[in-house]
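> This is work-v8.csv, which holds CSV, C-alpha atoms and all ligand atoms:
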```csv
chain,number,residue,atom,x,y,z
A,1,MET,CA,0.0,0.0,0.0
A,2,LEU,CA,1.5,3.4,-1.1
A,3,VAL,CA,1.4,6.2,1.5
A,4,LYS,CA,1.2,9.8,0.6
A,5,VAL,CA,1.3,12.4,3.3
A,6,CYS,CA,-0.2,15.7,2.2
A,7,GLY,CA,-0.3,19.3,3.3
A,8,MET,CA,3.3,19.7,4.4
A,9,ARG,CA,4.1,23.4,5.3
A,10,ASP,CA,6.2,23.1,8.5
A,11,ALA,CA,9.9,22.5,8.1
A,12,GLY,CA,10.3,20.5,11.3
A,13,ALA,CA,7.4,18.2,10.5
A,14,LEU,CA,8.6,17.9,6.9
A,15,ALA,CA,11.9,16.6,8.1
A,16,GLY,CA,10.3,14.2,10.6
A,17,VAL,CA,7.8,12.8,8.1
A,18,ALA,CA,10.4,12.5,5.3
A,19,ALA,CA,12.5,10.4,7.7
A,20,LEU,CA,9.7,7.9,7.7
A,21,ALA,CA,10.1,7.4,4.0
A,22,PRO,CA,6.6,7.8,2.7
A,23,ASP,CA,6.1,7.1,-1.0
A,24,PHE,CA,4.8,10.7,-1.7
A,25,LEU,CA,4.7,14.0,0.1
A,26,GLY,CA,2.2,16.6,-0.9
A,27,PHE,CA,2.5,20.4,-0.9
A,28,ILE,CA,-0.6,22.5,-1.3
A,29,PHE,CA,-0.4,25.5,-3.7
A,30,ALA,CA,-4.0,26.6,-3.4
A,31,ALA,CA,-4.1,30.0,-1.7
A,32,ALA,CA,-7.4,29.5,0.1
A,33,SER,CA,-6.1,26.4,1.9
A,34,PRO,CA,-4.9,26.6,5.5
A,35,ARG,CA,-2.1,24.4,4.3
A,36,PHE,CA,-1.0,26.7,1.5
A,37,VAL,CA,2.8,26.5,1.2
A,38,GLY,CA,3.2,30.2,0.3
A,39,GLU,CA,6.4,31.4,1.8
A,40,ALA,CA,6.3,28.8,4.7
A,41,LEU,CA,8.8,26.4,3.0
A,42,ALA,CA,11.9,27.3,1.1
A,43,PRO,CA,11.9,25.6,-2.3
A,44,GLU,CA,15.4,24.2,-1.5
A,45,LEU,CA,13.9,22.2,1.4
A,46,VAL,CA,11.5,20.4,-1.0
A,47,GLN,CA,14.1,20.0,-3.7
A,48,LYS,CA,16.6,18.3,-1.4
A,49,LEU,CA,14.2,15.6,-0.1
A,50,PRO,CA,15.3,12.1,-0.9
A,51,PRO,CA,14.6,11.1,-4.6
A,52,THR,CA,12.8,8.0,-3.4
A,53,ILE,CA,10.0,10.3,-2.2
A,54,GLY,CA,7.6,11.6,-4.9
A,55,LYS,CA,7.0,15.3,-4.5
A,56,VAL,CA,3.5,16.3,-5.4
A,57,GLY,CA,2.1,19.8,-5.9
A,58,VAL,CA,-1.6,20.1,-5.1
A,59,PHE,CA,-3.5,22.6,-7.2
A,60,VAL,CA,-7.1,23.8,-7.6
A,61,ASN,CA,-8.0,25.2,-11.1
A,62,GLU,CA,-4.5,26.6,-11.7
A,63,THR,CA,-3.2,27.4,-15.1
A,64,THR,CA,-0.8,24.9,-16.7
A,65,GLY,CA,1.9,27.6,-16.9
A,66,ASN,CA,1.7,28.4,-13.2
A,67,MET,CA,1.8,24.7,-12.3
A,68,LEU,CA,4.9,24.1,-14.5
A,69,THR,CA,6.6,27.1,-13.0
A,70,THR,CA,5.9,25.9,-9.4
A,71,ALA,CA,6.9,22.4,-10.3
A,72,GLN,CA,10.3,23.6,-11.6
A,73,ARG,CA,10.8,25.9,-8.6
A,74,PHE,CA,10.2,23.3,-6.0
A,75,GLY,CA,11.4,20.2,-7.9
A,76,LEU,CA,8.0,18.6,-8.0
A,77,GLY,CA,7.5,15.4,-10.1
A,78,ALA,CA,3.8,15.2,-9.8
A,79,VAL,CA,0.6,17.3,-9.7
A,80,GLN,CA,-2.6,16.5,-7.8
A,81,LEU,CA,-5.6,18.4,-9.3
A,82,HIS,CA,-8.6,19.1,-7.1
A,83,GLY,CA,-10.6,21.4,-9.3
A,84,GLN,CA,-12.4,21.2,-12.6
A,85,GLU,CA,-9.3,20.4,-14.6
A,86,THR,CA,-10.0,18.9,-18.0
A,87,PRO,CA,-8.6,15.8,-19.6
A,88,ALA,CA,-6.8,18.2,-22.1
A,89,GLN,CA,-5.0,19.9,-19.2
A,90,CYS,CA,-4.0,16.6,-17.7
A,91,GLU,CA,-2.6,15.7,-21.1
A,92,GLU,CA,-0.6,18.9,-21.2
A,93,LEU,CA,0.8,18.3,-17.8
A,94,SER,CA,1.6,14.7,-18.5
A,95,ALA,CA,3.3,15.7,-21.8
A,96,ALA,CA,5.5,18.1,-19.8
A,97,GLY,CA,6.8,15.1,-17.8
A,98,LEU,CA,4.7,15.4,-14.7
A,99,LEU,CA,2.9,12.5,-13.1
A,100,VAL,CA,-0.8,13.5,-13.0
A,101,MET,CA,-3.0,12.6,-10.1
A,102,LYS,CA,-6.6,13.7,-10.8
A,103,ALA,CA,-8.8,14.0,-7.7
A,104,PHE,CA,-12.5,13.4,-7.8
A,105,ALA,CA,-14.9,14.4,-5.1
A,106,VAL,CA,-17.2,11.6,-4.1
A,107,GLY,CA,-20.7,12.1,-2.7
A,108,ASN,CA,-23.4,9.4,-2.9
A,109,ALA,CA,-22.0,7.8,-6.0
A,110,VAL,CA,-19.0,7.6,-8.3
A,111,ASP,CA,-19.6,8.5,-12.0
A,112,PHE,CA,-17.2,6.1,-13.6
A,113,VAL,CA,-18.2,7.2,-17.1
A,114,ALA,CA,-17.0,10.8,-16.4
A,115,LEU,CA,-13.6,9.4,-15.4
A,116,GLN,CA,-13.0,7.6,-18.7
A,117,PRO,CA,-11.5,10.6,-20.7
A,118,TYR,CA,-8.9,11.1,-18.0
A,119,VAL,CA,-7.6,7.5,-18.2
A,120,PRO,CA,-4.9,8.0,-20.8
A,121,HIS,CA,-3.4,11.1,-19.1
A,122,CYS,CA,-3.3,10.2,-15.4
A,123,GLY,CA,-0.9,8.0,-13.4
A,124,PHE,CA,-3.2,7.9,-10.5
A,125,PHE,CA,-6.7,9.0,-9.6
A,126,LEU,CA,-7.6,10.1,-6.1
A,127,PHE,CA,-11.0,9.8,-4.5
A,128,ASP,CA,-11.8,12.4,-1.9
A,129,THR,CA,-15.0,13.2,0.0
A,130,LYS,CA,-17.2,15.9,-1.5
A,131,GLY,CA,-17.4,18.9,0.8
A,132,LEU,CA,-17.5,22.7,1.0
A,133,ALA,CA,-13.8,23.0,0.3
A,134,PRO,CA,-12.0,21.4,-2.8
A,135,GLY,CA,-10.0,19.2,-0.4
A,136,GLY,CA,-9.0,18.8,3.2
A,137,ASN,CA,-12.6,18.6,4.5
A,138,GLY,CA,-11.7,15.9,7.0
A,139,ALA,CA,-14.7,13.7,6.2
A,140,ILE,CA,-14.8,10.1,4.9
A,141,PHE,CA,-17.1,8.8,2.2
A,142,ASP,CA,-18.5,5.3,1.7
A,143,TRP,CA,-15.6,3.3,0.5
A,144,ASN,CA,-18.0,0.6,-0.7
A,145,LEU,CA,-18.7,2.9,-3.7
A,146,LEU,CA,-15.3,1.8,-5.1
A,147,LYS,CA,-16.1,-1.9,-5.1
A,148,ARG,CA,-17.4,-1.4,-8.7
A,149,TYR,CA,-14.1,0.4,-9.8
A,150,HIS,CA,-12.9,-1.2,-13.0
A,151,LEU,CA,-10.7,1.4,-14.8
A,152,PRO,CA,-7.0,0.7,-15.5
A,153,VAL,CA,-5.7,3.7,-13.5
A,154,PRO,CA,-4.7,2.9,-9.9
A,155,TYR,CA,-6.0,5.3,-7.2
A,156,PHE,CA,-5.4,6.8,-3.8
A,157,LEU,CA,-8.1,6.8,-1.2
A,158,ALA,CA,-8.4,10.1,0.6
A,159,GLY,CA,-10.8,12.1,2.7
A,160,GLY,CA,-10.8,12.2,6.5
A,161,LEU,CA,-8.4,9.3,7.0
A,162,GLY,CA,-7.1,9.2,10.6
A,163,PRO,CA,-5.2,7.0,12.9
A,164,GLU,CA,-8.5,5.3,14.0
A,165,HIS,CA,-8.7,3.8,10.5
A,166,ALA,CA,-5.4,2.0,10.7
A,167,ALA,CA,-6.7,-1.6,11.0
A,168,GLU,CA,-9.5,-1.1,8.5
A,169,LEU,CA,-7.1,0.4,5.9
A,170,ALA,CA,-4.6,-2.4,6.4
A,171,ALA,CA,-7.3,-5.0,5.7
A,172,LEU,CA,-9.0,-3.0,2.9
A,173,ARG,CA,-9.2,-4.8,-0.5
A,174,LEU,CA,-10.7,-2.7,-3.3
A,175,PRO,CA,-10.1,-3.0,-7.0
A,176,GLY,CA,-7.6,-0.5,-8.2
A,177,LEU,CA,-6.6,0.7,-4.7
A,178,ALA,CA,-2.9,1.7,-4.8
A,179,GLY,CA,-2.5,3.8,-1.6
A,180,VAL,CA,-3.8,6.2,1.0
A,181,ASP,CA,-3.5,9.9,1.4
A,182,LEU,CA,-3.0,11.2,4.9
A,183,ASN,CA,-3.9,14.8,5.6
A,184,SER,CA,-5.9,16.7,8.3
A,185,GLY,CA,-6.4,13.6,10.4
A,186,PHE,CA,-2.6,13.5,11.1
A,187,GLU,CA,-2.0,17.1,12.3
A,188,THR,CA,-1.5,19.0,15.4
A,189,ALA,CA,-2.5,22.2,13.5
A,190,PRO,CA,-3.4,22.8,9.8
A,191,GLY,CA,-0.2,22.1,7.9
A,192,VAL,CA,1.7,20.7,10.9
A,193,LYS,CA,1.8,16.9,10.7
A,194,ASP,CA,1.9,14.8,13.8
A,195,VAL,CA,5.0,12.7,13.1
A,196,GLY,CA,4.1,10.2,15.8
A,197,LYS,CA,0.7,9.6,14.3
A,198,VAL,CA,2.1,9.1,10.8
A,199,ARG,CA,4.7,6.7,12.2
A,200,GLN,CA,2.0,4.7,14.0
A,201,LEU,CA,-0.1,4.3,10.8
A,202,LEU,CA,3.0,3.3,8.8
A,203,ALA,CA,3.8,0.6,11.3
A,204,VAL,CA,0.4,-0.9,10.8
A,205,LEU,CA,0.4,-0.6,7.0
A,206,ARG,CA,4.0,-1.7,6.6
A,207,PRO,CA,4.6,-4.2,9.4
A,208,PRO,CA,8.2,-5.4,9.7
A,209,VAL,CA,8.8,-8.6,7.7
A,210,ASN,CA,10.1,-11.5,9.9
A,211,PRO,CA,13.6,-12.7,8.9
B,1,LIG,O1,-5.9,20.0,2.6
B,1,LIG,C1,-6.2,21.0,2.0
B,1,LIG,O2,-6.4,22.1,2.5
B,1,LIG,C2,-6.6,20.9,0.5
B,1,LIG,C3,-6.9,22.1,-0.1
B,1,LIG,C4,-7.2,22.1,-1.5
B,1,LIG,C5,-7.1,20.9,-2.2
B,1,LIG,C6,-6.8,19.7,-1.6
B,1,LIG,C7,-6.5,19.7,-0.2
B,1,LIG,N1,-6.1,18.5,0.4
B,1,LIG,C8,-6.4,17.2,-0.1
B,1,LIG,O3,-7.7,16.8,0.3
B,1,LIG,C9,-7.7,15.4,0.5
B,1,LIG,C10,-8.5,15.0,1.7
B,1,LIG,O4,-7.9,15.6,2.9
B,1,LIG,P1,-8.5,15.3,4.4
B,1,LIG,O5,-8.0,14.0,4.7
B,1,LIG,O6,-10.0,15.3,4.3
B,1,LIG,O7,-8.0,16.4,5.2
B,1,LIG,C11,-6.3,14.9,0.5
B,1,LIG,O8,-6.0,14.3,-0.8
B,1,LIG,C12,-5.4,16.2,0.5
B,1,LIG,O9,-4.3,16.0,-0.3
```
Please express the file's structure as structure tokens.


Amino acid sequence: MLVKVCGMRDAGALAGVAALAPDFLGFIFAAASPRFVGEALAPELVQKLPPTIGKVGVFVNETTGNMLTTAQRFGLGAVQLHGQETPAQCEELSAAGLLVMKAFAVGNAVDFVALQPYVPHCGFFLFDTKGLAPGGNGAIFDWNLLKRYHLPVPYFLAGGLGPEHAAELAALRLPGLAGVDLNSGFETAPGVKDVGKVRQLLAVLRPPVNP
């Protein structure tokens, strides 16, 4: 199970979480978010993270040009798109060499037909809970809605995941499920990750293998 820890904006927590070797770290570049990176993190801090950790910029209805500039500045290899980005924009970003993770907000159902045009241009999908904000709402959705998932793009499960879900996530078997996205449920304050809580979840999702 891949693990992405999102909403990093505190240098101390960034170092602590990076030391746990998550698969991806997310940095939010949407100004309305309480996790907006802004000037909180020097680009060099992100650039010098280990190459084994995928660095993901999270955007909401941003222009392709601005995303490419930000990706270059912070050394990002992936973009996570939480707005009404089109398949054509995903194609542009992918053609520019970025891994594209298109997020979809889930309410009472998942419209698998609407996802189809995104398939050729996305490395991952991400299913998040529909809410007032474009992300970071801290609420879970009914994961059973993904039992009917049949598309070839693997996805991250997101939305309100917390330490209390550890055992359920470790046992979760859903078609296409590639990983989990940890955000507001693992914080001491918006943008400040609780390193201990992330460590605990990783210990459950990645138990040590007996020699
Ligand atoms: O966290 C935010 O503030 C945010 C703002 C704008 C777009 C995405 C955002 N976060 C993403 O939202 C999901 C779910 O987060 P949560 O677990 O419900 O807090 C996650 O993928 C974050 O990357």

> Which one is closest to Asp128 (chain A): A:Gly54, A:Gly107, A:Gly159, A:Pro154? Count only C-alpha atoms.

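Of A:Gly54, A:Gly107, A:Gly159, A:Pro154, the one nearest Asp128 (chain A) is A:Gly159, counting only C-alpha atoms.
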
> Please, which residues are within 12 Å of (1.2, 26.3, -10.1) by the file's coordinates, counting only C-alpha atoms, and could they come as a PyMOL selection string?

chain A and resi 27-31+36-38+56-74+76+78-81+93

> Would you mind listing, for every residue of chain A within 9 Å of ligand LIG 1 (chain B), the two atoms forming the shortest contact and the distance between them in Å to one decimal, using all atoms listed in the file, sorted by chain and ascending residue number, as a tab-separated table?


```
residue	atom	partner	partner_atom	distance
A:Lys4	CA	B:LIG1	O9	8.3
A:Val5	CA	B:LIG1	O9	7.6
A:Cys6	CA	B:LIG1	O9	4.8
A:Gly7	CA	B:LIG1	O1	5.7
A:Gly26	CA	B:LIG1	O9	6.6
A:Phe27	CA	B:LIG1	O9	8.1
A:Ile28	CA	B:LIG1	C3	6.4
A:Phe29	CA	B:LIG1	C4	7.9
A:Ala30	CA	B:LIG1	C4	5.8
A:Ala31	CA	B:LIG1	C4	8.5
A:Ala32	CA	B:LIG1	C3	7.4
A:Ser33	CA	B:LIG1	O2	4.4
A:Pro34	CA	B:LIG1	O2	5.6
A:Arg35	CA	B:LIG1	O2	5.2
A:Phe36	CA	B:LIG1	O2	7.2
A:Val58	CA	B:LIG1	C5	6.3
A:Phe59	CA	B:LIG1	C5	6.4
A:Val60	CA	B:LIG1	C5	6.1
A:Gln80	CA	B:LIG1	O9	7.7
A:Leu81	CA	B:LIG1	C5	7.7
A:His82	CA	B:LIG1	C5	5.4
A:Gly83	CA	B:LIG1	C5	7.9
A:Ala103	CA	B:LIG1	O8	7.5
A:Leu126	CA	B:LIG1	O8	6.9
A:Phe127	CA	B:LIG1	O8	7.7
A:Asp128	CA	B:LIG1	C10	5.5
A:Thr129	CA	B:LIG1	O6	6.9
A:Gly131	CA	B:LIG1	O6	8.9
A:Ala133	CA	B:LIG1	C4	6.9
A:Pro134	CA	B:LIG1	C5	5.0
A:Gly135	CA	B:LIG1	O3	3.4
A:Gly136	CA	B:LIG1	O7	3.3
A:Asn137	CA	B:LIG1	O6	4.2
A:Gly138	CA	B:LIG1	O6	3.2
A:Ala139	CA	B:LIG1	O6	5.3
A:Ile140	CA	B:LIG1	O6	7.1
A:Phe156	CA	B:LIG1	O8	8.1
A:Leu157	CA	B:LIG1	O8	7.8
A:Ala158	CA	B:LIG1	C10	5.0
A:Gly159	CA	B:LIG1	O6	3.7
A:Gly160	CA	B:LIG1	O5	3.8
A:Leu161	CA	B:LIG1	O5	5.2
A:Gly162	CA	B:LIG1	O5	7.7
A:Val180	CA	B:LIG1	O8	8.6
A:Asp181	CA	B:LIG1	O8	5.5
A:Leu182	CA	B:LIG1	O5	5.7
A:Asn183	CA	B:LIG1	O5	4.3
A:Ser184	CA	B:LIG1	O7	3.8
A:Gly185	CA	B:LIG1	O5	5.9
A:Phe186	CA	B:LIG1	O5	8.4
A:Pro190	CA	B:LIG1	O2	7.9
A:Gly191	CA	B:LIG1	O1	8.1
```

> Using all atoms listed in the file for the distances, tell me which of A:Phe24, A:Tyr149, A:Phe125, A:Phe112 is nearest to Val3 (chain A).

A:Phe24

> Do you have the CA of Glu187 (chain A)-CA of Pro43 (chain A) distance handy?

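Separation of CA of Glu187 (chain A) and CA of Pro43 (chain A): 21.9 Å.
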
> Using only C-alpha atoms, determine which residues lie at most 10 Å from Leu169 (chain A), disregarding the query and same-chain residues fewer than 3 positions distant; provide the list as a list in words.

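The neighbour list is Met1, Leu157, Leu161, Gly162, Pro163, Glu164, His165, Ala166, Leu172, Arg173, Gly179, Val180, Leu201, Val204 and Leu205 of chain A.
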
> Please determine, counting all atoms listed in the file, which residue among A:Ala105, A:Ala96, A:Lys193, A:Glu39 has the shortest atom-to-atom distance to Leu25 (chain A).

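Going through A:Ala105, A:Ala96, A:Lys193, A:Glu39 one by one, the smallest distance to Leu25 (chain A) is for A:Lys193.
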
> Using only C-alpha atoms, which of A:Pro152, A:Pro50, A:Ala21, A:Gly176 sits nearest Arg199 (chain A)?

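Looking at the shortest contact to Arg199 (chain A), the residue is A:Ala21.
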
> Which residue gives the smallest distance to Val17 (chain A) among A:Glu92, A:Val192, A:Asp142, A:Asn210, with all atoms listed in the file counted?

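When distances to Val17 (chain A) are compared using all atoms listed in the file, the smallest one comes from A:Val192.
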
> What residues have an atom no more than 12 Å from (-14.5, 8.6, -13.7) in the file's own frame, counting all atoms listed in the file, and can you write them as a ChimeraX atom specification?

/A:87,102-106,109-120,122,124-127,146,148-155

> If you measure from CA of Ser94 (chain A) to CA of His121 (chain A), what distance in Å do you get, rounded to one decimal?

6.2 Å

> Just give me the gap between CA of Leu2 (chain A) and CA of Leu132 (chain A) in Å, one decimal is fine.

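Computing the Euclidean distance for CA of Leu2 (chain A) and CA of Leu132 (chain A) yields 27.2 Å.
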
> How about completing region 106-117 of chain A with N, CA and C atoms and giving it to me as a PDB file, in the frame of the given file?


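Result saved to out_7.pdb:
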```pdb
ATOM      1  N   VAL A 106     -16.192  12.639  -4.118  1.00  0.00           N
ATOM      2  CA  VAL A 106     -17.200  11.600  -4.100  1.00  0.00           C
ATOM      3  C   VAL A 106     -18.322  11.962  -3.085  1.00  0.00           C
ATOM      4  N   GLY A 107     -19.548  11.936  -3.588  1.00  0.00           N
ATOM      5  CA  GLY A 107     -20.700  12.100  -2.700  1.00  0.00           C
ATOM      6  C   GLY A 107     -21.401  10.808  -2.505  1.00  0.00           C
ATOM      7  N   ASN A 108     -22.609  10.669  -3.063  1.00  0.00           N
ATOM      8  CA  ASN A 108     -23.400   9.400  -2.900  1.00  0.00           C
ATOM      9  C   ASN A 108     -23.082   8.371  -3.929  1.00  0.00           C
ATOM     10  N   ALA A 109     -22.306   8.758  -4.964  1.00  0.00           N
ATOM     11  CA  ALA A 109     -22.000   7.800  -6.000  1.00  0.00           C
ATOM     12  C   ALA A 109     -20.727   8.228  -6.734  1.00  0.00           C
ATOM     13  N   VAL A 110     -20.139   7.303  -7.506  1.00  0.00           N
ATOM     14  CA  VAL A 110     -19.000   7.600  -8.300  1.00  0.00           C
ATOM     15  C   VAL A 110     -19.394   7.487  -9.782  1.00  0.00           C
ATOM     16  N   ASP A 111     -19.206   8.550 -10.577  1.00  0.00           N
ATOM     17  CA  ASP A 111     -19.600   8.500 -12.000  1.00  0.00           C
ATOM     18  C   ASP A 111     -18.368   7.999 -12.782  1.00  0.00           C
ATOM     19  N   PHE A 112     -18.307   6.681 -12.940  1.00  0.00           N
ATOM     20  CA  PHE A 112     -17.200   6.100 -13.600  1.00  0.00           C
ATOM     21  C   PHE A 112     -17.061   6.493 -15.071  1.00  0.00           C
ATOM     22  N   VAL A 113     -18.193   6.793 -15.709  1.00  0.00           N
ATOM     23  CA  VAL A 113     -18.200   7.200 -17.100  1.00  0.00           C
ATOM     24  C   VAL A 113     -17.440   8.539 -17.270  1.00  0.00           C
ATOM     25  N   ALA A 114     -17.664   9.449 -16.331  1.00  0.00           N
ATOM     26  CA  ALA A 114     -17.000  10.800 -16.400  1.00  0.00           C
ATOM     27  C   ALA A 114     -15.500  10.664 -16.230  1.00  0.00           C
ATOM     28  N   LEU A 115     -15.029   9.590 -15.633  1.00  0.00           N
ATOM     29  CA  LEU A 115     -13.600   9.400 -15.400  1.00  0.00           C
ATOM     30  C   LEU A 115     -12.854   8.926 -16.647  1.00  0.00           C
ATOM     31  N   GLN A 116     -13.592   8.261 -17.522  1.00  0.00           N
ATOM     32  CA  GLN A 116     -13.000   7.600 -18.700  1.00  0.00           C
ATOM     33  C   GLN A 116     -12.048   8.487 -19.507  1.00  0.00           C
ATOM     34  N   PRO A 117     -12.428   9.732 -19.847  1.00  0.00           N
ATOM     35  CA  PRO A 117     -11.500  10.600 -20.700  1.00  0.00           C
ATOM     36  C   PRO A 117     -10.209  10.922 -20.002  1.00  0.00           C
TER      37      PRO A 117
END
```
